[in-house]
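Shown next: target18.txt, containing compact mmCIF, C-alpha atoms.
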# COMPACT_ATOMS: atom_id res chain seq x y z
CA MET A 1 38.27 178.91 -21.90
CA THR A 2 42.03 178.89 -21.32
CA ALA A 3 41.57 176.99 -18.06
CA ALA A 4 39.27 174.48 -19.76
CA ARG A 5 41.79 173.87 -22.57
CA GLU A 6 44.50 173.25 -19.98
CA GLY A 7 42.31 170.72 -18.18
CA GLU A 8 42.00 172.79 -14.99
CA PRO A 9 39.12 171.76 -12.70
CA PHE A 10 36.31 174.23 -11.96
CA ASP A 11 34.57 175.04 -8.70
CA GLU A 12 31.03 173.61 -8.88
CA HIS A 13 29.52 176.35 -6.71
CA THR A 14 31.11 179.49 -8.20
CA GLY A 15 31.83 178.21 -11.71
CA LEU A 16 35.35 179.63 -11.50
CA PRO A 17 38.55 177.77 -12.43
CA ALA A 18 40.31 176.29 -9.41
CA SER A 19 43.23 178.74 -9.73
CA GLU A 20 40.89 181.76 -9.76
CA SER A 21 38.87 180.40 -6.83
CA ARG A 22 42.11 179.81 -4.92
CA ALA A 23 43.32 183.37 -5.65
CA ILE A 24 40.10 184.79 -4.19
CA LYS A 25 40.43 182.65 -1.06
CA GLN A 26 44.05 183.70 -0.63
CA ARG A 27 42.94 187.27 -0.03
CA THR A 28 41.91 186.01 3.41
CA THR A 29 44.47 187.00 6.02
CA TRP A 30 46.52 184.50 7.99
CA TYR A 31 44.88 185.79 11.19
CA ASP A 32 41.40 184.97 9.86
CA LEU A 33 42.57 181.58 8.58
CA ALA A 34 44.03 180.66 11.99
CA HIS A 35 40.86 181.88 13.72
CA GLU A 36 38.78 179.72 11.34
CA TYR A 37 41.02 176.70 12.00
CA ILE A 38 40.58 177.04 15.79
CA GLU A 39 36.81 177.23 15.40
CA GLN A 40 36.77 174.16 13.16
CA ARG A 41 38.99 172.02 15.43
CA TRP A 42 37.68 173.10 18.82
CA GLU A 43 34.84 170.64 19.45
CA ARG A 44 36.92 167.54 18.66
CA THR A 45 40.11 168.65 20.39
CA PRO A 46 41.04 168.04 24.08
CA GLY A 47 41.85 171.01 26.29
CA ASN A 48 45.61 170.47 26.36
CA THR A 49 45.79 170.38 22.54
CA ARG A 50 43.63 173.52 22.34
CA ARG A 51 46.16 175.27 24.53
CA THR A 52 49.04 174.01 22.39
CA LEU A 53 47.40 175.30 19.20
CA ALA A 54 46.73 178.69 20.77
CA ASP A 55 50.34 178.92 21.95
CA ALA A 56 51.65 178.07 18.47
CA PHE A 57 49.39 180.53 16.65
CA ALA A 58 50.02 183.30 19.19
CA THR A 59 53.74 182.87 18.46
CA VAL A 60 53.61 182.74 14.67
CA THR A 61 50.82 185.26 13.96
CA PRO A 62 52.77 188.40 15.01
CA ALA A 63 55.52 187.35 12.56
CA LEU A 64 53.05 187.21 9.65
CA VAL A 65 52.38 190.94 9.37
CA ARG A 66 53.03 193.53 6.70
CA PRO A 67 56.67 194.72 6.27
CA GLY A 68 57.55 197.41 8.78
CA ALA A 69 54.50 196.80 10.98
CA SER A 70 55.24 196.41 14.68
CA PHE A 71 52.85 196.55 17.62
CA SER A 72 53.87 198.83 20.49
CA ASP A 73 53.55 196.16 23.21
CA PRO A 74 54.32 192.60 22.00
CA ARG A 75 53.33 191.06 25.35
CA VAL A 76 49.85 192.56 25.22
CA LEU A 77 49.44 191.38 21.63
CA ARG A 78 50.52 187.84 22.49
CA ARG A 79 48.20 187.69 25.49
CA ALA A 80 45.26 188.94 23.41
CA LEU A 81 45.95 186.29 20.75
CA TYR A 82 46.56 183.42 23.17
CA SER A 83 43.80 184.16 25.68
CA TRP A 84 41.07 185.44 23.36
CA ALA A 85 41.60 185.20 19.58
CA PHE A 86 42.60 181.53 19.65
CA ASN A 87 40.50 180.44 22.64
CA LYS A 88 36.93 179.73 21.54
CA ASN A 89 35.71 179.58 25.15
CA ALA A 90 36.70 183.24 25.53
CA TRP A 91 34.62 184.37 22.54
CA GLN A 92 31.52 184.40 24.74
CA CYS A 93 32.83 187.61 26.33
CA GLU A 94 34.09 190.80 24.74
CA PRO A 95 37.87 191.31 24.98
CA THR A 96 39.19 194.11 27.17
CA GLU A 97 39.81 197.49 25.56
CA GLU A 98 43.57 196.85 25.63
CA TRP A 99 43.16 193.50 23.90
CA LEU A 100 40.62 194.91 21.43
CA HIS A 101 43.14 197.54 20.35
CA ALA A 102 45.78 194.83 19.82
CA LEU A 103 43.41 192.57 17.86
CA ASP A 104 42.23 195.43 15.64
CA TRP A 105 45.85 196.17 14.83
CA MET A 106 46.43 192.51 13.96
CA LYS A 107 43.41 192.38 11.66
CA ARG A 108 44.66 195.42 9.76
CA ASN A 109 48.26 194.23 9.42
CA SER A 110 47.99 190.46 9.05
CA LEU A 111 49.39 189.22 5.74
CA PRO A 112 47.07 187.65 3.16
CA VAL A 113 47.29 183.87 2.90
CA SER A 114 48.85 184.22 -0.57
CA ALA A 115 52.01 185.66 1.06
CA LEU A 116 52.68 182.30 2.72
CA ALA A 117 53.70 180.96 -0.67
CA GLU A 118 56.88 183.07 -0.36
CA ALA A 119 59.83 181.25 1.21
CA GLY A 120 61.02 184.34 3.08
CA VAL A 121 57.64 184.82 4.78
CA LEU A 122 57.48 181.17 5.83
CA ARG A 123 61.02 181.25 7.21
CA ARG A 124 60.12 184.31 9.26
CA ALA A 125 57.18 182.43 10.75
CA LEU A 126 59.20 179.30 11.49
CA ASP A 127 62.09 181.27 12.97
CA ALA A 128 59.64 183.01 15.33
CA MET A 129 58.79 179.61 16.82
CA CYS A 130 62.41 179.17 17.87
CA HIS A 131 62.46 182.26 20.10
CA LYS A 132 60.67 183.50 23.19
CA LEU A 133 59.31 187.03 23.63
CA ASP A 134 62.53 188.14 25.34
CA GLY A 135 64.54 187.06 22.30
CA LYS A 136 66.10 184.02 23.96
CA GLY A 137 65.98 180.65 22.22
CA ALA A 138 62.98 178.44 22.89
CA ALA A 139 63.35 174.77 23.80
CA ALA A 140 63.79 172.55 20.74
CA LYS A 141 60.75 170.43 21.63
CA THR A 142 58.61 173.56 22.02
CA ALA A 143 59.67 174.81 18.58
CA ARG A 144 58.90 171.45 16.99
CA ARG A 145 55.51 171.25 18.67
CA LYS A 146 54.58 174.70 17.37
CA ARG A 147 55.83 173.84 13.89
CA ALA A 148 53.63 170.73 13.87
CA ALA A 149 50.56 172.85 14.75
CA PHE A 150 51.41 175.40 12.03
CA ASN A 151 51.95 172.65 9.47
CA GLU A 152 48.62 171.00 10.33
CA ALA A 153 46.80 174.32 9.90
CA LEU A 154 48.34 174.67 6.43
CA ASN A 155 47.35 171.09 5.56
CA THR A 156 43.76 171.97 6.43
CA ALA A 157 44.09 175.10 4.28
CA VAL A 158 45.05 172.85 1.35
CA GLU A 159 41.91 170.75 1.92
CA LYS A 160 39.80 173.93 1.85
CA GLY A 161 41.32 175.12 -1.40
CA TYR A 162 43.55 177.93 -0.12
CA PHE A 163 46.63 176.22 -1.58
CA ALA A 164 47.30 173.59 -4.23
CA GLU A 165 49.86 172.06 -1.82
CA ASN A 166 51.30 172.83 1.59
CA PRO A 167 53.85 175.65 1.06
CA VAL A 168 56.03 174.34 3.92
CA LYS A 169 56.55 171.08 2.05
CA GLY A 170 59.17 172.45 -0.33
CA LEU A 171 60.88 174.78 2.15
CA ARG A 172 64.44 174.04 3.18
CA TRP A 173 64.32 174.83 6.88
CA LYS A 174 65.81 172.76 9.65
CA ALA A 175 64.10 172.54 13.01
CA PRO A 176 66.27 172.75 16.17
CA ALA A 177 67.80 169.42 17.13
CA VAL A 178 66.20 167.62 20.07
CA ASN A 179 68.48 165.73 22.42
CA GLU A 180 66.88 162.31 22.83
CA GLU A 181 69.75 160.83 24.85
CA VAL A 182 69.51 160.41 28.61
CA ASP A 183 72.47 161.46 30.73
CA PRO A 184 73.43 158.36 32.76
CA ALA A 185 74.70 160.58 35.57
CA ALA A 186 71.20 162.00 36.03
CA VAL A 187 69.46 158.61 36.36
CA PRO A 188 69.31 157.14 39.89
CA ASN A 189 69.96 153.43 40.36
CA PRO A 190 67.36 151.18 42.05
CA ALA A 191 68.97 151.50 45.48
CA GLN A 192 68.95 155.29 45.26
CA VAL A 193 65.32 155.26 44.11
CA LEU A 194 64.31 153.18 47.13
CA ARG A 195 66.00 155.64 49.48
CA LEU A 196 64.35 158.58 47.71
CA LEU A 197 60.91 156.96 47.93
CA GLN A 198 61.39 156.16 51.60
CA ALA A 199 62.30 159.79 52.24
CA VAL A 200 59.21 160.96 50.37
CA ALA A 201 57.00 158.58 52.37
CA ARG A 202 58.20 160.15 55.64
CA GLN A 203 56.87 163.56 54.58
CA ARG A 204 53.73 164.65 56.39
CA GLY A 205 50.39 164.86 54.66
CA ARG A 206 50.65 163.56 51.10
CA GLY A 207 53.94 161.75 51.60
CA PRO A 208 52.49 158.21 51.20
CA HIS A 209 50.51 159.27 48.11
CA LEU A 210 53.59 160.80 46.50
CA GLU A 211 55.57 157.67 47.34
CA ALA A 212 53.01 155.66 45.37
CA PHE A 213 53.01 158.21 42.55
CA PHE A 214 56.78 158.24 42.00
CA GLY A 215 57.01 154.49 42.61
CA CYS A 216 54.63 153.85 39.71
CA LEU A 217 56.60 156.18 37.45
CA TYR A 218 59.86 154.37 38.11
CA PHE A 219 58.93 150.73 38.56
CA ALA A 220 55.95 150.47 36.18
CA ALA A 221 57.17 153.03 33.58
CA MET A 222 53.84 154.87 33.69
CA ARG A 223 53.08 158.39 32.54
CA PRO A 224 52.13 160.87 35.31
CA ALA A 225 48.61 161.23 33.86
CA GLU A 226 48.16 157.44 33.98
CA VAL A 227 49.21 157.25 37.62
CA ILE A 228 46.72 159.93 38.65
CA HIS A 229 43.95 158.01 36.86
CA LEU A 230 44.93 154.67 38.41
CA ARG A 231 42.40 153.03 40.75
CA ILE A 232 42.81 150.11 43.12
CA ASP A 233 40.47 147.88 41.09
CA GLN A 234 42.89 148.21 38.16
CA CYS A 235 45.73 146.73 40.22
CA HIS A 236 46.30 142.98 40.28
CA LEU A 237 49.03 142.58 42.90
CA PRO A 238 50.01 139.21 44.36
CA LYS A 239 51.83 138.96 47.67
CA ALA A 240 55.03 138.06 45.84
CA GLY A 241 56.39 138.24 42.31
CA TRP A 242 55.15 140.31 39.39
CA GLY A 243 51.80 142.04 39.37
CA MET A 244 49.78 143.69 36.58
CA LEU A 245 48.24 147.15 36.24
CA ASN A 246 45.40 147.51 33.73
CA LEU A 247 45.61 151.13 32.54
CA SER A 248 42.59 152.70 30.87
CA GLY A 249 43.28 156.43 30.64
CA GLY A 250 44.90 159.48 32.15
CA VAL A 251 44.08 162.71 33.95
CA VAL A 252 45.58 165.77 32.24
CA THR A 253 45.81 169.30 33.61
CA SER A 254 44.46 171.55 30.85
CA GLY A 255 43.30 174.64 32.73
CA LYS A 256 39.78 175.99 33.31
CA GLY A 257 39.91 178.23 30.27
CA TRP A 258 40.45 175.35 27.85
CA THR A 259 37.98 172.68 28.95
CA ASP A 260 34.30 172.37 28.04
CA ASP A 261 33.08 172.08 31.63
CA GLY A 262 35.37 174.70 33.16
CA GLU A 263 37.29 172.11 35.20
CA VAL A 264 41.06 172.23 35.56
CA HIS A 265 41.52 168.53 34.70
CA GLU A 266 40.32 166.34 31.85
CA VAL A 267 40.15 162.54 31.70
CA HIS A 268 41.62 161.29 28.43
CA SER A 269 42.07 157.93 26.80
CA LEU A 270 45.55 156.43 26.74
CA LYS A 271 47.96 158.50 24.64
CA ARG A 272 47.70 157.78 20.89
CA ARG A 273 45.12 155.03 21.50
CA ALA A 274 41.40 154.59 20.93
CA ALA A 275 38.98 155.85 23.59
CA SER A 276 38.19 152.33 24.86
CA ALA A 277 41.74 150.94 24.59
CA THR A 278 43.60 149.62 27.64
CA ARG A 279 47.26 148.95 28.32
CA GLN A 280 48.85 146.55 30.77
CA ALA A 281 51.88 147.55 32.81
CA ARG A 282 53.82 144.77 34.52
CA ARG A 283 55.56 145.45 37.81
CA GLY A 284 57.11 143.67 40.73
CA LEU A 285 57.17 144.17 44.50
CA PHE A 286 59.87 146.13 46.27
CA PRO A 287 62.37 144.03 48.16
CA SER A 288 61.98 146.24 51.25
CA ARG A 289 58.28 145.59 51.83
CA ARG A 290 55.45 143.17 51.16
CA SER A 291 53.01 145.78 49.84
CA SER A 292 53.30 147.58 46.53
CA TYR A 293 53.58 151.23 45.60
CA ALA A 294 51.07 150.65 42.82
CA CYS A 295 48.14 151.90 44.85
CA CYS A 296 45.44 154.45 44.13
CA VAL A 297 46.47 158.10 43.93
CA PRO A 298 43.43 160.37 44.55
CA MET A 299 42.55 163.00 41.95
Please lay out the structure from this file as structure tokens.
Amino acid sequence: MTAAREGEPFDEHTGLPASESRAIKQRTTWYDLAHEYIEQRWERTPGNTRRTLADAFATVTPALVRPGASFSDPRVLRRALYSWAFNKNAWQCEPTEEWLHALDWMKRNSLPVSALAEAGVLRRALDAMCHKLDGKGAAAKTARRKRAAFNEALNTAVEKGYFAENPVKGLRWKAPAVNEEVDPAAVPNPAQVLRLLQAVARQRGRGPHLEAFFGCLYFAAMRPAEVIHLRIDQCHLPKAGWGMLNLSGGVVTSGKGWTDDGEVHEVHSLKRRAASATRQARRGLFPSRRSSYACCVPM
């Protein structure tokens, strides 16, 4: 009656006020919530993103445990979380006895979701993303990538009624700064690039293929995955002047444990574009030869 007078919405299935329903859900542990999130996202997520999510959750989950709890071997715990708990493909097989011991410990000691409303708990989780297992600082981009995965999991928890709003939203925590500037001293000039490519081409075996690969990266500003996916029928190269490459996707190395078909590579659409989208890359011929480096690189 108090909730009704205050205009609080009620859950249609349980008949409970939203606050009471949320309190019941928040008894779920963070470990179970992360496990549920992986299961929900798996089918519509590419292999590389699956691996990124598992890496993020395997880093943050050991930090979200009861005060004073500490597993005897952090490396075993991380491997069990990364390779089994947050890898849906691995659920088809039972974990090893060593991993099972680590996962049982995690289930017993994982904090309830309600604890994530506390600023100190959240800071502990976010700070864990900034360090590696050996205690050294992690790369700033790695920390930000893991924070994005953690934040997205909490956004989904809001949609499911675990929180009224994302608890990270009001937290004053600054992510490590990422250096976006390029050191001019580390960038070769066109003449140096030509000499480097010529040296690569003289290598036995895959030398000519690697010459084409690196030539596309430099002169057509392509991503490595796009170059690997490039085929000769996508190249429109005149004998002189500028040519055009019609890019339609990329080949990404995800790992056999993270793909649906057990293959190491996955073919993706262009980054941040629709599945059928294409992109044109303009490029010119090298002054030292009539042919172009923009040729097919076999998968």
List as a list in words the protein and nucleic acid residues near Val60 (chain A), meaning an atom at most 7 Å away when only C-alpha atoms are counted, but skip any in the same chain fewer than 5 places from it.
Ala125, Ala128 and Met129 of chain A
Which value, in Å to one decimal, gives the distance between CA of Asn166 (chain A) and CA of Leu154 (chain A)?
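Separation of CA of Asn166 (chain A) and CA of Leu154 (chain A): 6.0 Å.
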Mind pulling up the distance from CA of Trp105 (chain A) to CA of Lys146 (chain A)?
23.3 Å
Quick one: of A:Leu194, A:Leu100, A:Leu270, A:Val187, who's nearest to Pro224 (chain A), counting all atoms listed in the file?
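Closest residue, counting all atoms listed in the file: A:Leu270.
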Write out as a ChimeraX atom specification each polymer residue whose atoms come within 10 Å of Thr142 (chain A), counting all atoms listed in the file; drop sequence neighbours fewer than 6 positions from it.
/A:52,55-56,129-131,148,176,178
Kindly add N, CA, C and O atoms to the incomplete region 157-177 of chain A and provide the output as a short mmCIF file (atom, residue, chain, number, x, y, z; two decimals), keeping the file's coordinate frame.
data_model
loop_
_atom_site.label_atom_id
_atom_site.label_comp_id
_atom_site.auth_asym_id
_atom_site.auth_seq_id
_atom_site.Cartn_x
_atom_site.Cartn_y
_atom_site.Cartn_z
N ALA A 157 44.30 174.05 5.28
CA ALA A 157 44.09 175.10 4.28
C ALA A 157 44.14 174.53 2.86
O ALA A 157 43.41 174.97 1.97
N VAL A 158 44.99 173.52 2.65
CA VAL A 158 45.05 172.85 1.35
C VAL A 158 43.72 172.15 1.07
O VAL A 158 43.18 172.22 -0.03
N GLU A 159 43.19 171.45 2.08
CA GLU A 159 41.91 170.75 1.92
C GLU A 159 40.78 171.71 1.57
O GLU A 159 39.86 171.37 0.83
N LYS A 160 40.86 172.95 2.08
CA LYS A 160 39.80 173.93 1.85
C LYS A 160 40.02 174.74 0.58
O LYS A 160 39.22 175.62 0.28
N GLY A 161 41.11 174.46 -0.13
CA GLY A 161 41.32 175.12 -1.40
C GLY A 161 42.11 176.41 -1.34
O GLY A 161 42.18 177.14 -2.34
N TYR A 162 42.73 176.72 -0.21
CA TYR A 162 43.55 177.93 -0.12
C TYR A 162 44.87 177.76 -0.88
O TYR A 162 45.44 178.73 -1.37
N PHE A 163 45.38 176.52 -0.89
CA PHE A 163 46.63 176.22 -1.58
C PHE A 163 46.45 174.95 -2.40
O PHE A 163 45.62 174.10 -2.08
N ALA A 164 47.28 174.83 -3.46
CA ALA A 164 47.30 173.59 -4.23
C ALA A 164 48.07 172.52 -3.45
O ALA A 164 47.77 171.34 -3.51
N GLU A 165 49.10 172.95 -2.70
CA GLU A 165 49.86 172.06 -1.82
C GLU A 165 50.41 172.86 -0.66
O GLU A 165 50.48 174.10 -0.71
N ASN A 166 50.78 172.17 0.39
CA ASN A 166 51.30 172.83 1.59
C ASN A 166 52.59 173.57 1.25
O ASN A 166 53.57 172.96 0.82
N PRO A 167 52.65 174.90 1.43
CA PRO A 167 53.85 175.65 1.06
C PRO A 167 55.08 175.29 1.89
O PRO A 167 56.21 175.51 1.45
N VAL A 168 54.89 174.73 3.09
CA VAL A 168 56.03 174.34 3.92
C VAL A 168 56.75 173.13 3.34
O VAL A 168 57.93 172.91 3.58
N LYS A 169 56.02 172.35 2.56
CA LYS A 169 56.55 171.08 2.05
C LYS A 169 57.86 171.25 1.29
O LYS A 169 58.78 170.46 1.43
N GLY A 170 57.97 172.28 0.47
CA GLY A 170 59.17 172.45 -0.33
C GLY A 170 60.19 173.39 0.27
O GLY A 170 61.18 173.75 -0.39
N LEU A 171 59.98 173.81 1.52
CA LEU A 171 60.88 174.78 2.15
C LEU A 171 62.06 174.08 2.80
O LEU A 171 61.89 173.11 3.54
N ARG A 172 63.24 174.60 2.57
CA ARG A 172 64.44 174.04 3.18
C ARG A 172 64.71 174.79 4.49
O ARG A 172 65.35 175.83 4.51
N TRP A 173 64.16 174.24 5.55
CA TRP A 173 64.32 174.83 6.88
C TRP A 173 64.50 173.71 7.86
O TRP A 173 63.74 172.74 7.86
N LYS A 174 65.50 173.83 8.71
CA LYS A 174 65.81 172.76 9.65
C LYS A 174 65.37 173.14 11.05
O LYS A 174 65.76 174.20 11.57
N ALA A 175 64.56 172.30 11.64
CA ALA A 175 64.10 172.54 13.01
C ALA A 175 65.25 172.32 13.99
O ALA A 175 66.19 171.58 13.70
N PRO A 176 65.23 172.96 15.16
CA PRO A 176 66.27 172.75 16.17
C PRO A 176 66.37 171.28 16.56
O PRO A 176 65.36 170.57 16.64
N ALA A 177 67.58 170.82 16.76
CA ALA A 177 67.80 169.42 17.13
C ALA A 177 67.32 169.16 18.55
O ALA A 177 67.52 170.00 19.45
#
